[in-house]
$ cat protein_24.csv   # CSV, C-alpha atoms and all ligand atoms
chain,number,residue,atom,x,y,z
H,1,MET,CA,11.0,7.1,10.4
H,2,SER,CA,12.4,8.9,7.3
H,3,PHE,CA,12.6,7.4,3.8
H,4,THR,CA,14.4,8.3,0.6
H,5,LEU,CA,14.2,7.6,-3.1
H,6,ASP,CA,17.4,7.9,-5.0
H,7,ALA,CA,16.9,8.1,-8.8
H,8,VAL,CA,14.3,5.4,-8.6
H,9,SER,CA,12.8,4.2,-11.9
H,10,GLN,CA,10.6,1.4,-13.0
H,11,ARG,CA,10.0,-0.4,-16.3
H,12,TYR,CA,7.6,-3.2,-16.6
H,13,ILE,CA,7.6,-5.9,-19.3
H,14,THR,CA,4.1,-6.8,-20.2
H,15,ASP,CA,3.0,-10.4,-21.2
H,16,SER,CA,3.2,-9.4,-24.8
H,17,GLY,CA,6.8,-8.2,-24.4
H,18,GLU,CA,6.1,-4.5,-24.5
H,19,ILE,CA,8.2,-2.3,-22.2
H,20,VAL,CA,6.2,0.1,-20.1
H,21,HIS,CA,8.3,2.9,-18.6
H,22,ALA,CA,6.1,3.6,-15.5
H,23,LEU,CA,8.4,5.7,-13.4
H,24,ALA,CA,11.1,8.1,-14.5
H,25,ASP,CA,14.1,8.9,-12.3
H,26,THR,CA,12.5,10.0,-9.0
H,27,SER,CA,14.4,11.3,-6.0
H,28,LEU,CA,12.7,12.2,-2.8
H,29,GLU,CA,13.5,12.7,0.9
H,30,VAL,CA,10.7,12.4,3.4
H,31,PRO,CA,11.5,13.2,7.0
H,32,ALA,CA,10.1,11.2,9.9
H,33,GLY,CA,6.5,12.3,10.9
H,34,GLN,CA,5.7,13.9,7.6
H,35,PHE,CA,2.3,13.4,5.9
H,36,VAL,CA,2.9,13.3,2.2
H,37,CYS,CA,0.1,13.2,-0.3
H,38,VAL,CA,0.7,12.1,-3.9
H,39,VAL,CA,-1.6,13.0,-6.8
H,40,GLY,CA,-1.3,12.6,-10.5
H,41,PRO,CA,-3.1,11.4,-13.6
H,42,SER,CA,-4.2,7.7,-13.8
H,43,GLY,CA,-1.3,5.4,-14.7
H,44,CYS,CA,1.5,7.9,-13.8
H,45,GLY,CA,3.1,5.4,-11.4
H,46,LYS,CA,1.7,6.3,-8.0
H,47,THR,CA,0.9,2.7,-7.0
H,48,THR,CA,4.3,1.6,-8.5
H,49,LEU,CA,6.0,4.0,-6.1
H,50,LEU,CA,4.0,2.7,-3.2
H,51,LYS,CA,4.8,-0.9,-4.0
H,52,ILE,CA,8.5,0.0,-4.1
H,53,LEU,CA,8.3,1.6,-0.7
H,54,ALA,CA,6.3,-1.3,0.6
H,55,GLY,CA,9.0,-3.7,-0.6
H,56,PHE,CA,6.6,-5.5,-2.9
H,57,LEU,CA,8.6,-4.5,-6.0
H,58,ARG,CA,12.3,-4.0,-6.6
H,59,PRO,CA,12.8,-0.9,-8.7
H,60,THR,CA,14.5,-1.5,-12.0
H,61,GLY,CA,16.7,1.5,-11.4
H,62,GLY,CA,17.9,3.5,-8.3
H,63,GLN,CA,17.3,2.7,-4.7
H,64,ALA,CA,14.6,3.2,-2.1
H,65,SER,CA,15.8,3.4,1.5
H,66,VAL,CA,14.3,3.7,5.0
H,67,LYS,CA,16.4,5.5,7.5
H,68,GLY,CA,19.4,5.0,5.2
H,69,SER,CA,19.0,1.2,4.8
H,70,PRO,CA,17.9,-0.1,1.4
H,71,ILE,CA,14.4,-1.6,1.2
H,72,THR,CA,14.8,-5.3,0.3
H,73,GLY,CA,11.3,-6.5,1.0
H,74,PRO,CA,8.2,-6.0,3.0
H,75,SER,CA,8.5,-5.2,6.7
H,76,TRP,CA,6.2,-4.7,9.7
H,77,GLU,CA,7.6,-1.2,10.1
H,78,ARG,CA,5.9,-0.2,6.8
H,79,GLY,CA,2.1,-0.8,6.9
H,80,VAL,CA,0.0,-0.7,3.8
H,81,VAL,CA,-3.7,0.4,3.6
H,82,PHE,CA,-5.4,-0.4,0.3
H,83,GLN,CA,-8.5,1.0,-1.3
H,84,GLN,CA,-10.4,-2.2,-0.6
H,85,ALA,CA,-10.2,-3.4,3.0
H,86,ASN,CA,-9.2,-7.0,2.2
H,87,LEU,CA,-10.3,-8.3,5.6
H,88,TYR,CA,-10.8,-12.0,6.2
H,89,PRO,CA,-14.5,-12.6,6.2
H,90,TRP,CA,-14.4,-15.7,8.3
H,91,LEU,CA,-12.6,-13.9,11.2
H,92,THR,CA,-14.1,-11.4,13.6
H,93,VAL,CA,-13.0,-7.7,13.5
H,94,ARG,CA,-10.9,-8.3,16.5
H,95,LYS,CA,-9.2,-11.4,15.0
H,96,ASN,CA,-8.5,-9.5,11.8
H,97,VAL,CA,-6.9,-6.7,13.7
H,98,GLU,CA,-4.8,-9.1,15.8
H,99,LEU,CA,-3.6,-11.2,12.9
H,100,GLY,CA,-0.3,-9.5,12.2
H,101,LEU,CA,0.6,-9.7,15.9
H,102,LYS,CA,-0.3,-13.4,15.9
H,103,PHE,CA,2.0,-14.0,12.9
H,104,ARG,CA,4.8,-12.3,14.8
H,105,GLY,CA,4.3,-14.6,17.8
H,106,VAL,CA,2.9,-12.0,20.2
H,107,GLY,CA,1.1,-13.7,23.1
H,108,ALA,CA,-2.7,-13.7,23.4
H,109,ALA,CA,-3.0,-11.2,26.3
H,110,GLU,CA,-0.7,-8.6,24.6
H,111,ARG,CA,-2.5,-9.2,21.3
H,112,ARG,CA,-5.8,-8.5,22.8
H,113,GLU,CA,-4.6,-5.3,24.5
H,114,THR,CA,-2.8,-3.9,21.5
H,115,GLY,CA,-5.6,-4.9,19.2
H,116,GLN,CA,-8.2,-3.2,21.5
H,117,ARG,CA,-6.1,0.0,21.6
H,118,SER,CA,-6.1,0.2,17.8
H,119,LEU,CA,-9.8,-0.6,17.6
H,120,ASP,CA,-10.5,2.2,20.1
H,121,LEU,CA,-8.3,4.6,18.2
H,122,VAL,CA,-10.3,4.2,15.0
H,123,GLY,CA,-13.7,4.3,16.7
H,124,LEU,CA,-14.6,0.6,16.4
H,125,SER,CA,-15.1,-0.1,20.1
H,126,GLY,CA,-18.2,-2.2,20.4
H,127,PHE,CA,-17.8,-3.9,17.1
H,128,GLU,CA,-14.9,-6.2,18.0
H,129,ASP,CA,-16.9,-9.5,17.8
H,130,LYS,CA,-18.7,-8.7,14.5
H,131,LYS,CA,-17.9,-10.5,11.3
H,132,THR,CA,-16.3,-8.0,8.9
H,133,TYR,CA,-19.2,-8.4,6.4
H,134,GLU,CA,-21.5,-7.0,9.1
H,135,LEU,CA,-19.6,-3.7,8.9
H,136,SER,CA,-20.3,-0.7,6.5
H,137,GLY,CA,-17.6,0.2,4.0
H,138,GLY,CA,-16.3,3.0,6.2
H,139,MET,CA,-16.1,0.7,9.2
H,140,GLN,CA,-14.2,-1.9,7.1
H,141,GLN,CA,-11.7,0.8,6.2
H,142,ARG,CA,-11.4,1.7,9.9
H,143,ALA,CA,-10.8,-2.0,10.7
H,144,GLN,CA,-8.1,-2.1,8.0
H,145,ILE,CA,-6.4,0.9,9.5
H,146,ALA,CA,-6.7,-0.6,13.0
H,147,ARG,CA,-5.0,-3.8,11.6
H,148,VAL,CA,-2.1,-1.7,10.3
H,149,LEU,CA,-1.9,0.4,13.5
H,150,ALA,CA,-1.8,-2.7,15.7
H,151,ASN,CA,1.6,-3.5,14.2
H,152,ASP,CA,2.8,-0.1,15.2
H,153,PRO,CA,4.5,0.7,11.8
H,154,GLU,CA,6.7,3.8,11.6
H,155,ILE,CA,5.5,4.4,8.0
H,156,ILE,CA,2.0,4.0,6.7
H,157,LEU,CA,1.6,3.7,3.0
H,158,MET,CA,-2.0,4.3,1.8
H,159,ASP,CA,-3.3,3.8,-1.7
H,160,GLU,CA,-6.6,5.7,-2.2
H,161,PRO,CA,-7.9,4.4,1.1
H,162,PHE,CA,-11.0,6.6,1.1
H,163,GLY,CA,-11.7,6.5,-2.6
H,164,ALA,CA,-14.6,4.1,-2.4
H,165,LEU,CA,-16.4,5.8,0.5
H,166,ASP,CA,-19.3,8.3,0.5
H,167,ALA,CA,-18.4,12.0,1.1
H,168,LEU,CA,-19.5,12.1,4.7
H,169,THR,CA,-17.7,8.9,5.8
H,170,ARG,CA,-14.6,10.1,3.9
H,171,GLU,CA,-14.6,13.4,5.7
H,172,ARG,CA,-14.9,11.7,9.1
H,173,LEU,CA,-12.1,9.3,8.3
H,174,GLN,CA,-9.9,12.1,7.1
H,175,MET,CA,-10.3,13.9,10.4
H,176,ASP,CA,-9.6,10.7,12.4
H,177,LEU,CA,-6.5,10.0,10.3
H,178,LEU,CA,-5.1,13.5,10.8
H,179,GLN,CA,-5.6,13.0,14.6
H,180,ILE,CA,-3.9,9.6,14.5
H,181,ALA,CA,-1.0,10.9,12.4
H,182,ARG,CA,-0.5,13.8,14.8
H,183,GLU,CA,-0.8,11.8,18.0
H,184,ARG,CA,1.2,8.8,16.9
H,185,GLN,CA,3.8,10.7,14.9
H,186,LYS,CA,3.6,8.4,11.9
H,187,THR,CA,5.2,9.1,8.5
H,188,ILE,CA,2.4,8.8,5.9
H,189,PHE,CA,2.6,8.3,2.2
H,190,PHE,CA,-1.0,8.8,0.9
H,191,ILE,CA,-2.1,8.4,-2.7
H,192,THR,CA,-5.3,10.1,-3.7
H,193,HIS,CA,-7.2,11.2,-6.8
H,194,SER,CA,-8.7,14.1,-4.9
H,195,VAL,CA,-6.8,17.3,-4.9
H,196,GLU,CA,-8.9,18.6,-2.1
H,197,GLU,CA,-8.1,15.6,0.0
H,198,ALA,CA,-4.4,16.0,-0.7
H,199,VAL,CA,-4.3,19.6,0.4
H,200,PHE,CA,-6.5,19.0,3.4
H,201,LEU,CA,-4.5,16.1,4.7
H,202,GLY,CA,-0.9,16.6,3.6
H,203,ASP,CA,2.0,18.5,5.2
H,204,ARG,CA,3.3,18.2,1.7
H,205,VAL,CA,1.8,17.4,-1.7
H,206,LEU,CA,3.6,15.8,-4.6
H,207,VAL,CA,2.2,16.0,-8.1
H,208,MET,CA,3.4,13.5,-10.7
H,209,SER,CA,3.5,13.9,-14.4
H,210,PRO,CA,1.9,11.4,-16.9
H,211,ARG,CA,3.8,8.3,-17.5
H,212,PRO,CA,6.7,7.9,-17.1
H,213,GLY,CA,5.9,9.5,-13.8
H,214,ARG,CA,8.1,12.0,-12.1
H,215,VAL,CA,7.5,14.6,-9.4
H,216,VAL,CA,6.7,17.9,-11.2
H,217,LEU,CA,5.5,19.8,-8.2
H,218,ASP,CA,6.5,19.4,-4.6
H,219,GLU,CA,4.6,21.8,-2.3
H,220,ASN,CA,4.7,22.3,1.4
H,221,VAL,CA,1.2,22.9,2.7
H,222,GLU,CA,1.5,26.0,4.8
H,223,ILE,CA,-2.3,26.5,5.4
H,224,SER,CA,-2.3,24.0,8.2
H,225,LYS,CA,0.3,26.1,10.0
H,226,THR,CA,-1.6,29.4,9.4
H,227,TYR,CA,-4.9,28.0,10.6
H,228,GLY,CA,-3.6,25.4,13.0
H,229,ARG,CA,-5.4,22.6,11.1
H,230,LEU,CA,-8.1,22.8,13.7
H,231,LEU,CA,-10.6,24.5,11.6
H,232,PRO,CA,-13.4,22.2,10.6
H,233,GLY,CA,-12.9,20.8,7.2
H,234,LYS,CA,-15.4,23.0,5.4
H,235,GLU,CA,-13.9,26.3,6.8
H,236,LEU,CA,-10.4,25.3,6.0
H,237,ARG,CA,-11.4,24.3,2.5
H,238,SER,CA,-12.8,27.7,1.8
H,239,THR,CA,-9.8,29.8,2.9
H,240,PRO,CA,-8.0,31.7,0.0
H,241,GLU,CA,-4.8,29.8,0.7
H,242,PHE,CA,-6.5,26.5,0.4
H,243,ILE,CA,-8.2,27.4,-2.9
H,244,ASP,CA,-5.0,28.9,-4.3
H,245,LEU,CA,-3.0,25.8,-3.6
H,246,ARG,CA,-5.8,23.4,-4.8
H,247,ASP,CA,-6.0,25.3,-8.1
H,248,ARG,CA,-2.2,25.3,-8.6
H,249,ILE,CA,-2.1,21.5,-8.0
H,250,ALA,CA,-5.1,20.9,-10.3
H,251,ASP,CA,-3.5,23.0,-13.1
H,252,THR,CA,-0.3,21.0,-12.7
H,253,ILE,CA,-2.1,17.7,-13.0
H,254,TYR,CA,-3.9,19.1,-16.1
H,255,THR,CA,-0.9,20.4,-17.9
H,256,GLY,CA,1.7,17.9,-16.6
H,257,GLN,CA,4.0,20.8,-15.8
H,258,ALA,CA,4.6,23.0,-12.8
H,259,PRO,CA,3.1,26.5,-13.1
H,260,ALA,CA,5.6,29.1,-14.3
G,301,LIG,N1,2.8,-5.5,-13.5
G,301,LIG,C1,2.7,-4.6,-14.5
G,301,LIG,N2,3.0,-5.0,-15.8
G,301,LIG,C2,3.0,-4.1,-16.8
G,301,LIG,N3,2.6,-2.8,-16.7
G,301,LIG,C3,2.2,-2.4,-15.4
G,301,LIG,C4,2.3,-3.3,-14.3
G,301,LIG,N4,1.9,-2.6,-13.2
G,301,LIG,C5,1.6,-1.3,-13.6
G,301,LIG,N5,1.8,-1.2,-15.0
G,301,LIG,C6,1.7,0.0,-15.8
G,301,LIG,O1,2.5,1.0,-15.2
G,301,LIG,C7,1.9,2.3,-15.3
G,301,LIG,C8,1.8,2.8,-13.8
G,301,LIG,O2,0.9,2.0,-13.1
G,301,LIG,P1,0.5,2.4,-11.6
G,301,LIG,O3,-0.6,1.4,-11.1
G,301,LIG,O4,1.7,2.6,-10.8
G,301,LIG,O5,-0.2,3.9,-11.9
G,301,LIG,P2,-1.2,4.8,-10.9
G,301,LIG,O6,-0.7,6.2,-11.0
G,301,LIG,O7,-1.2,4.2,-9.5
G,301,LIG,O8,-2.6,4.6,-11.6
G,301,LIG,P3,-4.1,4.8,-11.0
G,301,LIG,O9,-4.1,6.2,-10.5
G,301,LIG,O10,-4.9,4.6,-12.2
G,301,LIG,O11,-4.3,3.8,-9.9
G,301,LIG,C9,0.5,2.0,-15.9
G,301,LIG,O12,0.6,2.4,-17.3
G,301,LIG,C10,0.3,0.5,-15.7
G,301,LIG,O13,-0.5,0.0,-16.8
$ encode --input "protein_24.csv" --output "structure tokens" --more "lines below"
Ligand SMILES: Nc1ncnc2c1ncn2[C@@H]1O[C@H](COP(=O)(O)OP(=O)(O)OP(=O)(O)O)[C@@H](O)[C@H]1O
Amino acid sequence: MSFTLDAVSQRYITDSGEIVHALADTSLEVPAGQFVCVVGPSGCGKTTLLKILAGFLRPTGGQASVKGSPITGPSWERGVVFQQANLYPWLTVRKNVELGLKFRGVGAAERRETGQRSLDLVGLSGFEDKKTYELSGGMQQRAQIARVLANDPEIILMDEPFGALDALTRERLQMDLLQIARERQKTIFFITHSVEEAVFLGDRVLVMSPRPGRVVLDENVEISKTYGRLLPGKELRSTPEFIDLRDRIADTIYTGQAPA
């Protein structure tokens, strides 16, 4: 499912009455099935953009649309994955994953089947009846992703989902997410502070300027096509194309301007 931003901007008014111009006029078209990564300095409006796409926040200017229809609020077709898993500790992993389906009135048998499919997909088979606090951080993130996938959203919005994980777990989850994105044809909007992660995962990488944020670099990642994205992470990361793009993006974040 495609989405567009048409001159979207955001100003906040703080409790002390100060106006914070978080997001400058931002226009963007993301076709269905694209994996878009967003990087930029802290406070440049990445989460603000995600909240607008999620329907948690109405932009103060412009319009965000999904498949041509304005976003007016949250919807099951747009799933959100946060940095912290936010699972309900009093429920089992399975119950957490089935919760959205329950809210939507899906019957028990179908809930069970759909929930199990999502758990299998993220590699949590065998952990269904555990309480969430019995899981490691990486497994909790997997459970959160399974919970979103169970709702079968067309668009998945992810806010630094692997930011709190150790390097090895992060790499494993990156590989799994790539596979899920490819198999399930999801449109993904993925915020990260890691330039490497953005280049590794994205079909496209957007770099935002410091506040008020706007997109200063919009790069298609061609490396995946050249190498088929099937190279193990380490090998792909050491190709000249990868290093070149990674450095261009890092420079853009540092200077706040696209390279000449
Ligand atoms: N509810 C709010 N009220 C006032 N200011 C806000 C509010 N939410 C965000 N801001 C400000 O808007 C700017 C953008 O915030 P946002 O969280 O979107 O940035 P970010 O790029 O996601 O940052 P980070 O990378 O640190 O998570 C920041 O300066 C932040 O302080």
$ residues_around --input "protein_24.csv" --residues "Trp76 (chain H)" --least-positions-apart "3" --cutoff "10 Å" --atoms "all atoms listed in the file" --output "NGL selection string"
:H and (54 or 79-80 or 100-101 or 104 or 148 or 151-155)
$ residues_near_ligand --input "protein_24.csv" --ligand "ligand LIG 301 (chain G)" --cutoff "9 Å" --atoms "all atoms listed in the file" --output "count of residues only"
35
$ residues_around --input "protein_24.csv" --residues "region 26-30 of chain H" --least-positions-apart "5" --cutoff "10 Å" --atoms "only C-alpha atoms" --output "VMD selection string"
chain H and resid 1 to 10 35 to 36 49 61 to 67 187 to 189 204 206 208 213 to 215 218
$ residues_around --input "protein_24.csv" --residues "Asn220 (chain H)" --least-positions-apart "3" --cutoff "10 Å" --atoms "all atoms listed in the file" --output "list in words"
Val36, Val199, Gly202, Asp203, Arg204, Val205, Leu206, Leu217, Ile223, Ser224 and Leu245 of chain H
$ write_last_selection --input "protein_24.csv" --atoms "C-alpha atoms" --output "compact mmCIF listing (two decimals), keeping the file's coordinate frame"
# COMPACT_ATOMS: atom_id res chain seq x y z
CA VAL H 36 2.90 13.30 2.20
CA VAL H 199 -4.30 19.60 0.40
CA GLY H 202 -0.90 16.60 3.60
CA ASP H 203 2.00 18.50 5.20
CA ARG H 204 3.30 18.20 1.70
CA VAL H 205 1.80 17.40 -1.70
CA LEU H 206 3.60 15.80 -4.60
CA LEU H 217 5.50 19.80 -8.20
CA ILE H 223 -2.30 26.50 5.40
CA SER H 224 -2.30 24.00 8.20
CA LEU H 245 -3.00 25.80 -3.60
$ atom_distance --input "protein_24.csv" --atom1 "CA of Lys130 (chain H)" --atom2 "CA of Leu165 (chain H)"
20.3 Å
$ closest_residue --input "protein_24.csv" --among "H:Ser125, H:Ser209, H:Thr132, H:Gln257" --to "Pro89 (chain H)" --atoms "all atoms listed in the file"
H:Thr132
$ closest_residue --input "protein_24.csv" --among "H:Leu87, H:Met158, H:Leu135, H:Ala181" --to "Cys37 (chain H)" --atoms "all atoms listed in the file"
H:Met158
$ closest_residue --input "protein_24.csv" --among "H:Arg117, H:Arg147, H:Arg78, H:Lys131" --to "Val97 (chain H)" --atoms "all atoms listed in the file"
H:Arg147
$ atom_distance --input "protein_24.csv" --atom1 "CA of Glu134 (chain H)" --atom2 "CA of Leu201 (chain H)"
29.0 Å
$ atom_distance --input "protein_24.csv" --atom1 "CA of Ile249 (chain H)" --atom2 "CA of Gln179 (chain H)"
24.4 Å
$ closest_residue --input "protein_24.csv" --among "H:Val93, H:Tyr254, H:Arg246, H:Phe190" --to "Leu178 (chain H)" --atoms "only C-alpha atoms"
H:Phe190
$ build_atoms --input "protein_24.csv" --residues "region 64-86 of chain H" --atoms "N, CA and C atoms" --output "PDB file, in the coordinates of the input"
ATOM      1  N   ALA H  64      15.527   2.645  -3.113  1.00  0.00           N
ATOM      2  CA  ALA H  64      14.600   3.200  -2.100  1.00  0.00           C
ATOM      3  C   ALA H  64      15.193   2.774  -0.730  1.00  0.00           C
ATOM      4  N   SER H  65      15.246   3.690   0.216  1.00  0.00           N
ATOM      5  CA  SER H  65      15.800   3.400   1.500  1.00  0.00           C
ATOM      6  C   SER H  65      14.913   3.888   2.644  1.00  0.00           C
ATOM      7  N   VAL H  66      14.978   3.197   3.770  1.00  0.00           N
ATOM      8  CA  VAL H  66      14.300   3.700   5.000  1.00  0.00           C
ATOM      9  C   VAL H  66      15.382   3.911   6.007  1.00  0.00           C
ATOM     10  N   LYS H  67      15.424   5.105   6.520  1.00  0.00           N
ATOM     11  CA  LYS H  67      16.400   5.500   7.500  1.00  0.00           C
ATOM     12  C   LYS H  67      17.832   5.119   7.041  1.00  0.00           C
ATOM     13  N   GLY H  68      18.075   5.264   5.762  1.00  0.00           N
ATOM     14  CA  GLY H  68      19.400   5.000   5.200  1.00  0.00           C
ATOM     15  C   GLY H  68      19.664   3.543   4.833  1.00  0.00           C
ATOM     16  N   SER H  69      18.749   2.622   5.181  1.00  0.00           N
ATOM     17  CA  SER H  69      19.000   1.200   4.800  1.00  0.00           C
ATOM     18  C   SER H  69      18.098   0.859   3.608  1.00  0.00           C
ATOM     19  N   PRO H  70      18.700   0.232   2.577  1.00  0.00           N
ATOM     20  CA  PRO H  70      17.900  -0.100   1.400  1.00  0.00           C
ATOM     21  C   PRO H  70      16.728  -1.008   1.715  1.00  0.00           C
ATOM     22  N   ILE H  71      15.633  -0.760   1.020  1.00  0.00           N
ATOM     23  CA  ILE H  71      14.400  -1.600   1.200  1.00  0.00           C
ATOM     24  C   ILE H  71      14.646  -2.870   0.365  1.00  0.00           C
ATOM     25  N   THR H  72      14.593  -4.007   1.017  1.00  0.00           N
ATOM     26  CA  THR H  72      14.800  -5.300   0.300  1.00  0.00           C
ATOM     27  C   THR H  72      13.585  -6.147   0.258  1.00  0.00           C
ATOM     28  N   GLY H  73      12.538  -5.742   0.987  1.00  0.00           N
ATOM     29  CA  GLY H  73      11.300  -6.500   1.000  1.00  0.00           C
ATOM     30  C   GLY H  73      10.326  -5.909   1.966  1.00  0.00           C
ATOM     31  N   PRO H  74       9.148  -6.531   2.112  1.00  0.00           N
ATOM     32  CA  PRO H  74       8.200  -6.000   3.000  1.00  0.00           C
ATOM     33  C   PRO H  74       8.654  -6.033   4.484  1.00  0.00           C
ATOM     34  N   SER H  75       8.113  -5.179   5.321  1.00  0.00           N
ATOM     35  CA  SER H  75       8.500  -5.200   6.700  1.00  0.00           C
ATOM     36  C   SER H  75       7.323  -4.656   7.557  1.00  0.00           C
ATOM     37  N   TRP H  76       7.237  -5.117   8.791  1.00  0.00           N
ATOM     38  CA  TRP H  76       6.200  -4.700   9.700  1.00  0.00           C
ATOM     39  C   TRP H  76       6.285  -3.161   9.945  1.00  0.00           C
ATOM     40  N   GLU H  77       7.479  -2.627   9.785  1.00  0.00           N
ATOM     41  CA  GLU H  77       7.600  -1.200  10.100  1.00  0.00           C
ATOM     42  C   GLU H  77       6.997  -0.320   8.995  1.00  0.00           C
ATOM     43  N   ARG H  78       6.584  -0.964   7.874  1.00  0.00           N
ATOM     44  CA  ARG H  78       5.900  -0.200   6.800  1.00  0.00           C
ATOM     45  C   ARG H  78       4.521  -0.895   6.587  1.00  0.00           C
ATOM     46  N   GLY H  79       3.460  -0.256   7.072  1.00  0.00           N
ATOM     47  CA  GLY H  79       2.100  -0.800   6.900  1.00  0.00           C
ATOM     48  C   GLY H  79       1.445  -0.297   5.684  1.00  0.00           C
ATOM     49  N   VAL H  80       0.650  -1.152   5.031  1.00  0.00           N
ATOM     50  CA  VAL H  80       0.000  -0.700   3.800  1.00  0.00           C
ATOM     51  C   VAL H  80      -1.528  -0.780   3.949  1.00  0.00           C
ATOM     52  N   VAL H  81      -2.183   0.298   3.565  1.00  0.00           N
ATOM     53  CA  VAL H  81      -3.700   0.400   3.600  1.00  0.00           C
ATOM     54  C   VAL H  81      -4.119   0.525   2.129  1.00  0.00           C
ATOM     55  N   PHE H  82      -4.956  -0.400   1.681  1.00  0.00           N
ATOM     56  CA  PHE H  82      -5.400  -0.400   0.300  1.00  0.00           C
ATOM     57  C   PHE H  82      -6.805   0.239   0.168  1.00  0.00           C
ATOM     58  N   GLN H  83      -7.221   0.445  -1.089  1.00  0.00           N
ATOM     59  CA  GLN H  83      -8.500   1.000  -1.300  1.00  0.00           C
ATOM     60  C   GLN H  83      -9.647   0.087  -0.820  1.00  0.00           C
ATOM     61  N   GLN H  84      -9.455  -1.203  -1.073  1.00  0.00           N
ATOM     62  CA  GLN H  84     -10.400  -2.200  -0.600  1.00  0.00           C
ATOM     63  C   GLN H  84      -9.842  -2.791   0.712  1.00  0.00           C
ATOM     64  N   ALA H  85     -10.715  -3.027   1.678  1.00  0.00           N
ATOM     65  CA  ALA H  85     -10.200  -3.400   3.000  1.00  0.00           C
ATOM     66  C   ALA H  85      -9.520  -4.739   3.096  1.00  0.00           C
ATOM     67  N   ASN H  86      -9.827  -5.679   2.209  1.00  0.00           N
ATOM     68  CA  ASN H  86      -9.200  -7.000   2.200  1.00  0.00           C
ATOM     69  C   ASN H  86      -9.123  -7.650   3.604  1.00  0.00           C
TER      70      ASN H  86
END
